[in-house]
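entry34.txt follows; it contains compact mmCIF, C-alpha atoms.
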```
# COMPACT_ATOMS: atom_id res chain seq x y z
CA MET W 1 -5.24 0.22 -17.32
CA GLN W 2 -1.84 -0.91 -16.25
CA GLU W 3 -1.77 -4.55 -15.13
CA TYR W 4 1.26 -4.31 -12.81
CA PHE W 5 2.43 -1.54 -10.49
CA GLU W 6 6.09 -0.80 -9.77
CA ILE W 7 6.43 -0.54 -6.01
CA GLY W 8 10.21 -0.35 -5.72
CA GLN W 9 13.63 -0.84 -7.25
CA ILE W 10 16.44 -3.08 -6.01
CA VAL W 11 19.44 -0.78 -5.62
CA ASN W 12 21.98 -2.92 -3.79
CA THR W 13 22.67 -5.91 -1.57
CA SER W 14 22.88 -6.06 2.21
CA GLY W 15 25.15 -8.55 3.91
CA LEU W 16 26.17 -11.93 2.54
CA LYS W 17 22.93 -13.93 2.79
CA GLY W 18 21.05 -12.67 -0.29
CA ILE W 19 19.23 -9.70 1.20
CA VAL W 20 18.48 -6.86 -1.21
CA LYS W 21 18.05 -3.13 -0.56
CA ILE W 22 14.99 -1.59 -2.16
CA ASN W 23 14.01 2.01 -2.75
CA SER W 24 10.26 1.99 -2.18
CA PHE W 25 7.96 3.87 -4.56
CA SER W 26 5.04 3.48 -2.16
CA ASP W 27 3.79 6.20 0.17
CA ASP W 28 3.93 3.57 2.90
CA MET W 29 7.23 1.65 3.10
CA ARG W 30 5.59 -0.81 5.51
CA ARG W 31 3.43 -1.93 2.58
CA PHE W 32 5.99 -4.67 1.88
CA GLU W 33 5.11 -6.39 5.17
CA GLU W 34 1.60 -7.07 3.85
CA LEU W 35 2.87 -8.92 0.79
CA ASP W 36 3.64 -12.64 0.60
CA LYS W 37 5.19 -12.45 -2.85
CA VAL W 38 6.20 -9.96 -5.54
CA LEU W 39 7.32 -10.01 -9.13
CA ILE W 40 10.86 -9.01 -10.07
CA GLU W 41 11.33 -7.66 -13.58
CA LYS W 42 14.66 -8.71 -15.07
CA ASN W 43 15.42 -8.50 -18.79
CA LYS W 44 11.75 -7.54 -19.42
CA GLU W 45 10.54 -10.78 -17.83
CA LEU W 46 8.54 -11.04 -14.61
CA THR W 47 9.39 -13.79 -12.12
CA GLU W 48 7.53 -14.37 -8.87
CA TYR W 49 9.51 -14.46 -5.61
CA ILE W 50 8.27 -15.32 -2.15
CA ILE W 51 9.17 -12.86 0.60
CA GLU W 52 10.83 -14.53 3.59
CA GLU W 53 11.71 -11.44 5.64
CA VAL W 54 11.20 -7.67 5.55
CA ARG W 55 13.32 -5.19 7.51
CA TYR W 56 14.14 -1.50 7.23
CA SER W 57 17.31 0.53 7.19
CA LYS W 58 16.97 4.30 7.09
CA ASN W 59 14.69 5.00 4.13
CA GLN W 60 15.14 1.63 2.41
CA VAL W 61 13.40 -1.73 2.59
CA LEU W 62 15.57 -4.81 3.13
CA ILE W 63 14.04 -8.02 1.80
CA LYS W 64 15.15 -11.64 1.88
CA PHE W 65 13.53 -13.64 -0.94
CA LYS W 66 13.20 -17.41 -0.94
CA GLY W 67 15.85 -18.93 -3.24
CA ILE W 68 18.15 -15.88 -3.19
CA ASP W 69 20.61 -17.04 -0.55
CA THR W 70 24.00 -15.47 -1.32
CA ILE W 71 25.36 -12.05 -2.11
CA ASP W 72 26.17 -13.29 -5.63
CA ASP W 73 22.52 -14.34 -6.12
CA ALA W 74 21.34 -10.93 -4.87
CA LYS W 75 23.77 -8.93 -7.05
CA LYS W 76 22.05 -10.27 -10.16
CA PHE W 77 18.94 -8.25 -9.25
CA LYS W 78 20.58 -4.86 -8.82
CA ASN W 79 18.53 -2.16 -10.63
CA CYS W 80 15.60 -4.53 -11.20
CA TYR W 81 12.07 -3.35 -10.44
CA ILE W 82 9.68 -4.88 -7.94
CA LYS W 83 6.09 -5.14 -9.20
CA ILE W 84 2.75 -6.38 -7.96
CA PRO W 85 -0.44 -7.16 -9.87
CA ARG W 86 -3.10 -4.42 -9.79
CA GLU W 87 -5.39 -6.71 -7.78
CA ASP W 88 -2.79 -6.78 -4.95
CA THR W 89 -2.82 -2.99 -4.56
CA LYS W 90 -4.61 -1.28 -1.72
CA LYS W 91 -8.08 0.07 -2.41
CA LEU W 92 -7.84 3.84 -2.52
CA PRO W 93 -10.27 6.17 -0.78
CA GLU W 94 -12.99 7.78 -2.92
CA GLY W 95 -11.60 10.62 -5.03
CA THR W 96 -7.98 9.43 -4.97
CA TYR W 97 -6.15 7.79 -7.86
CA TYR W 98 -2.93 6.03 -8.67
CA ILE W 99 -0.58 8.36 -10.56
CA VAL W 100 -0.08 5.75 -13.27
CA ASP W 101 -3.84 5.89 -13.97
CA LEU W 102 -3.80 9.69 -14.31
CA ILE W 103 -0.93 9.88 -16.80
CA GLY W 104 -2.35 10.15 -20.31
CA ILE W 105 -5.79 11.40 -19.29
CA ASN W 106 -7.26 14.13 -21.51
CA VAL W 107 -8.21 17.31 -19.68
CA TYR W 108 -11.24 19.32 -20.80
CA LEU W 109 -12.82 22.59 -19.71
CA GLU W 110 -16.41 22.41 -18.48
CA ASP W 111 -17.61 23.61 -21.90
CA GLY W 112 -15.93 20.63 -23.61
CA ILE W 113 -12.82 22.34 -24.98
CA LEU W 114 -9.72 20.11 -24.87
CA VAL W 115 -6.96 21.65 -22.74
CA GLY W 116 -4.35 18.89 -23.11
CA GLU W 117 -3.08 15.65 -21.62
CA ILE W 118 -1.69 14.90 -18.14
CA ILE W 119 2.00 14.04 -18.52
CA ASP W 120 3.12 14.14 -14.87
CA VAL W 121 1.87 14.41 -11.31
CA PHE W 122 3.86 15.74 -8.39
CA PRO W 123 3.04 16.24 -4.72
CA THR W 124 3.40 19.65 -3.11
CA GLY W 125 2.49 18.74 0.44
CA SER W 126 -1.00 20.22 0.58
CA ASN W 127 -2.20 18.77 -2.74
CA ASP W 128 -0.94 17.14 -5.91
CA VAL W 129 -0.31 19.14 -9.05
CA TYR W 130 -1.13 17.78 -12.51
CA VAL W 131 1.16 18.79 -15.37
CA VAL W 132 -0.94 19.17 -18.52
CA ARG W 133 0.80 19.25 -21.90
CA ARG W 134 -0.91 21.69 -24.25
CA GLU W 135 -0.38 21.74 -28.02
CA GLU W 136 0.31 25.41 -28.56
CA ASN W 137 1.16 26.79 -25.13
CA ASN W 138 3.49 25.95 -22.27
CA ASP W 139 2.56 23.12 -19.95
CA LEU W 140 -0.25 23.99 -17.55
CA LEU W 141 0.00 23.23 -13.83
CA ILE W 142 -3.37 22.23 -12.37
CA PRO W 143 -3.75 21.93 -8.58
CA ALA W 144 -5.73 18.86 -7.52
CA ILE W 145 -8.31 20.79 -5.54
CA LYS W 146 -12.13 20.68 -5.61
CA ASP W 147 -12.45 24.23 -6.99
CA VAL W 148 -10.51 23.17 -10.10
CA ILE W 149 -11.10 19.43 -10.63
CA LYS W 150 -14.77 18.84 -11.38
CA SER W 151 -14.65 15.17 -12.40
CA ILE W 152 -12.24 12.38 -13.24
CA ASP W 153 -13.21 9.28 -15.21
CA ILE W 154 -10.30 6.84 -15.29
CA GLU W 155 -12.10 4.39 -17.60
CA GLU W 156 -12.89 7.12 -20.15
CA LYS W 157 -9.47 8.77 -19.59
CA LYS W 158 -11.17 12.12 -19.13
CA MET W 159 -10.90 14.95 -16.61
CA ILE W 160 -13.15 18.02 -16.48
CA ILE W 161 -11.72 21.17 -14.91
CA ASN W 162 -12.78 24.68 -13.99
CA LEU W 163 -9.88 26.89 -15.05
CA ILE W 164 -9.99 29.40 -12.21
CA GLU W 165 -8.35 32.80 -12.53
CA GLY W 166 -4.57 32.73 -12.31
CA LEU W 167 -4.05 29.21 -13.73
CA GLU W 168 -3.76 30.06 -17.42
```

What is this structure when it is put down as structure tokens?
Amino acid sequence: MQEYFEIGQIVNTSGLKGIVKINSFSDDMRRFEELDKVLIEKNKELTEYIIEEVRYSKNQVLIKFKGIDTIDDAKKFKNCYIKIPREDTKKLPEGTYYIVDLIGINVYLEDGILVGEIIDVFPTGSNDVYVVRREENNDLLIPAIKDVIKSIDIEEKKMIINLIEGLE
């Protein structure tokens, strides 16, 4: 399993005092308020930064980190990713999963036949849809609904599905 989760990307600066603008990857932008520190990935290295202040502007998070005090300091982090360790993530309700944990899972029919591998997940509003790459056919779109998804085992990287009529 992935050790760190990307929760946002620094896309710009805000003002002159080292505040950065972040596009949040979280379903809940307010998630940043619950964090004391994060990791910033720059040049493939992770460095821990303490959060001093969190604000919001439109659909972006504005954060002031300890030690980043000028616009020039903040500019150095443009396009860098914000990460947190897996243990700092919120516990998900039963039957829900982080997308990063679903990518790469093998999908099988109930009779054990391999369908393919999940390569993407996208929300549709009412439910997520899993994109399954098949070897000899086009990608298969699987709705994340109880009639179709019979079981998911993240540790074993295995999903069992009932391929209802109309999905093939």

(message) I'd like the interatomic distance between CA of Phe5 in chain W and CA of Val38 in chain W, to a tenth of an Å.
(response) 10.5 Å

(message) For a quick check of understanding, using all atoms listed in the file, which of W:Phe32, W:Val129, W:Lys78, W:Gly18 has the smallest distance to Lys66 in chain W?
(response) W:Gly18

(message) Report as a PyMOL selection string all protein, DNA and RNA residues lying within 7 Å of Ile103 in chain W, evaluated on all atoms listed in the file, omitting residues in the same chain fewer than 3 positions from it.
(response) chain W and resi 99-100+118-120

Find the residues of range 46-125 of chain W that sit at most 7 Å from range 10-17 of chain W; for each, write down the nearest two atoms and how far apart they are in Å, to one decimal. Count only C-alpha atoms. Sort by chain, then by number going up, and give it as JSON lines.
```
{"residue": "W:Asp69", "atom": "CA", "partner": "W:Lys17", "partner_atom": "CA", "distance": 5.1}
{"residue": "W:Thr70", "atom": "CA", "partner": "W:Lys17", "partner_atom": "CA", "distance": 4.5}
{"residue": "W:Ile71", "atom": "CA", "partner": "W:Leu16", "partner_atom": "CA", "distance": 4.7}
{"residue": "W:Ala74", "atom": "CA", "partner": "W:Thr13", "partner_atom": "CA", "distance": 6.2}
{"residue": "W:Lys75", "atom": "CA", "partner": "W:Thr13", "partner_atom": "CA", "distance": 6.4}
{"residue": "W:Phe77", "atom": "CA", "partner": "W:Ile10", "partner_atom": "CA", "distance": 6.6}
{"residue": "W:Lys78", "atom": "CA", "partner": "W:Val11", "partner_atom": "CA", "distance": 5.3}
{"residue": "W:Asn79", "atom": "CA", "partner": "W:Ile10", "partner_atom": "CA", "distance": 5.2}
{"residue": "W:Cys80", "atom": "CA", "partner": "W:Ile10", "partner_atom": "CA", "distance": 5.5}
{"residue": "W:Tyr81", "atom": "CA", "partner": "W:Ile10", "partner_atom": "CA", "distance": 6.2}
```

Report as a CSV table (one decimal) with C-alpha atoms, in the coordinates of the input all protein, DNA and RNA residues lying within 12 Å of Glu156 in chain W, evaluated on all atoms listed in the file, omitting residues in the same chain fewer than 2 positions from it.
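Dumped to result04.csv:
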```
chain,number,residue,atom,x,y,z
W,1,MET,CA,-5.2,0.2,-17.3
W,101,ASP,CA,-3.8,5.9,-14.0
W,102,LEU,CA,-3.8,9.7,-14.3
W,104,GLY,CA,-2.4,10.2,-20.3
W,105,ILE,CA,-5.8,11.4,-19.3
W,106,ASN,CA,-7.3,14.1,-21.5
W,107,VAL,CA,-8.2,17.3,-19.7
W,151,SER,CA,-14.6,15.2,-12.4
W,152,ILE,CA,-12.2,12.4,-13.2
W,153,ASP,CA,-13.2,9.3,-15.2
W,154,ILE,CA,-10.3,6.8,-15.3
W,158,LYS,CA,-11.2,12.1,-19.1
W,159,MET,CA,-10.9,15.0,-16.6
W,160,ILE,CA,-13.2,18.0,-16.5
```

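Separating CA of Met29 in chain W from CA of Val121 in chain W is a distance of 20.0 Å.
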
(request) Considering only C-alpha atoms, state which residue in the set W:Tyr56, W:Tyr97, W:Phe25, W:Tyr4 is at the smallest distance from Glu41 in chain W. (result) W:Tyr4

(message) From the options W:Gly112, W:Asp28, W:Asn23, W:Gly95, which residue's atoms come nearest to Lys146 in chain W, counting all atoms listed in the file?
(response) W:Gly95

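You will find CA of Val61 in chain W at 6.8 Å from CA of Ser24 in chain W.
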
Set up a box along x, y and z of the file covering all listed atoms of range 96-103 of chain W, add 8 Å on every one of the six sides, and write the centre and edge lengths in Å to one decimal, as lines of an AutoDock Vina configuration file.
```
center_x = -4.0
center_y = 7.8
center_z = -10.9
size_x = 23.9
size_y = 20.1
size_z = 27.8
```

(request) Would you mind telling me which residue in W:Ile82, W:Ile145, W:Val20, W:Leu39 lies nearest to Ile68 in chain W when using all atoms listed in the file? (result)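 Comparing W:Ile82, W:Ile145, W:Val20, W:Leu39 against Ile68 in chain W, the winner is W:Val20.
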
(request) Kindly indicate which residue among W:Val148, W:Ile84, W:Ile113, W:Ile164 lies nearest to Tyr130 in chain W, using all atoms listed in the file for the distances. (result) W:Val148
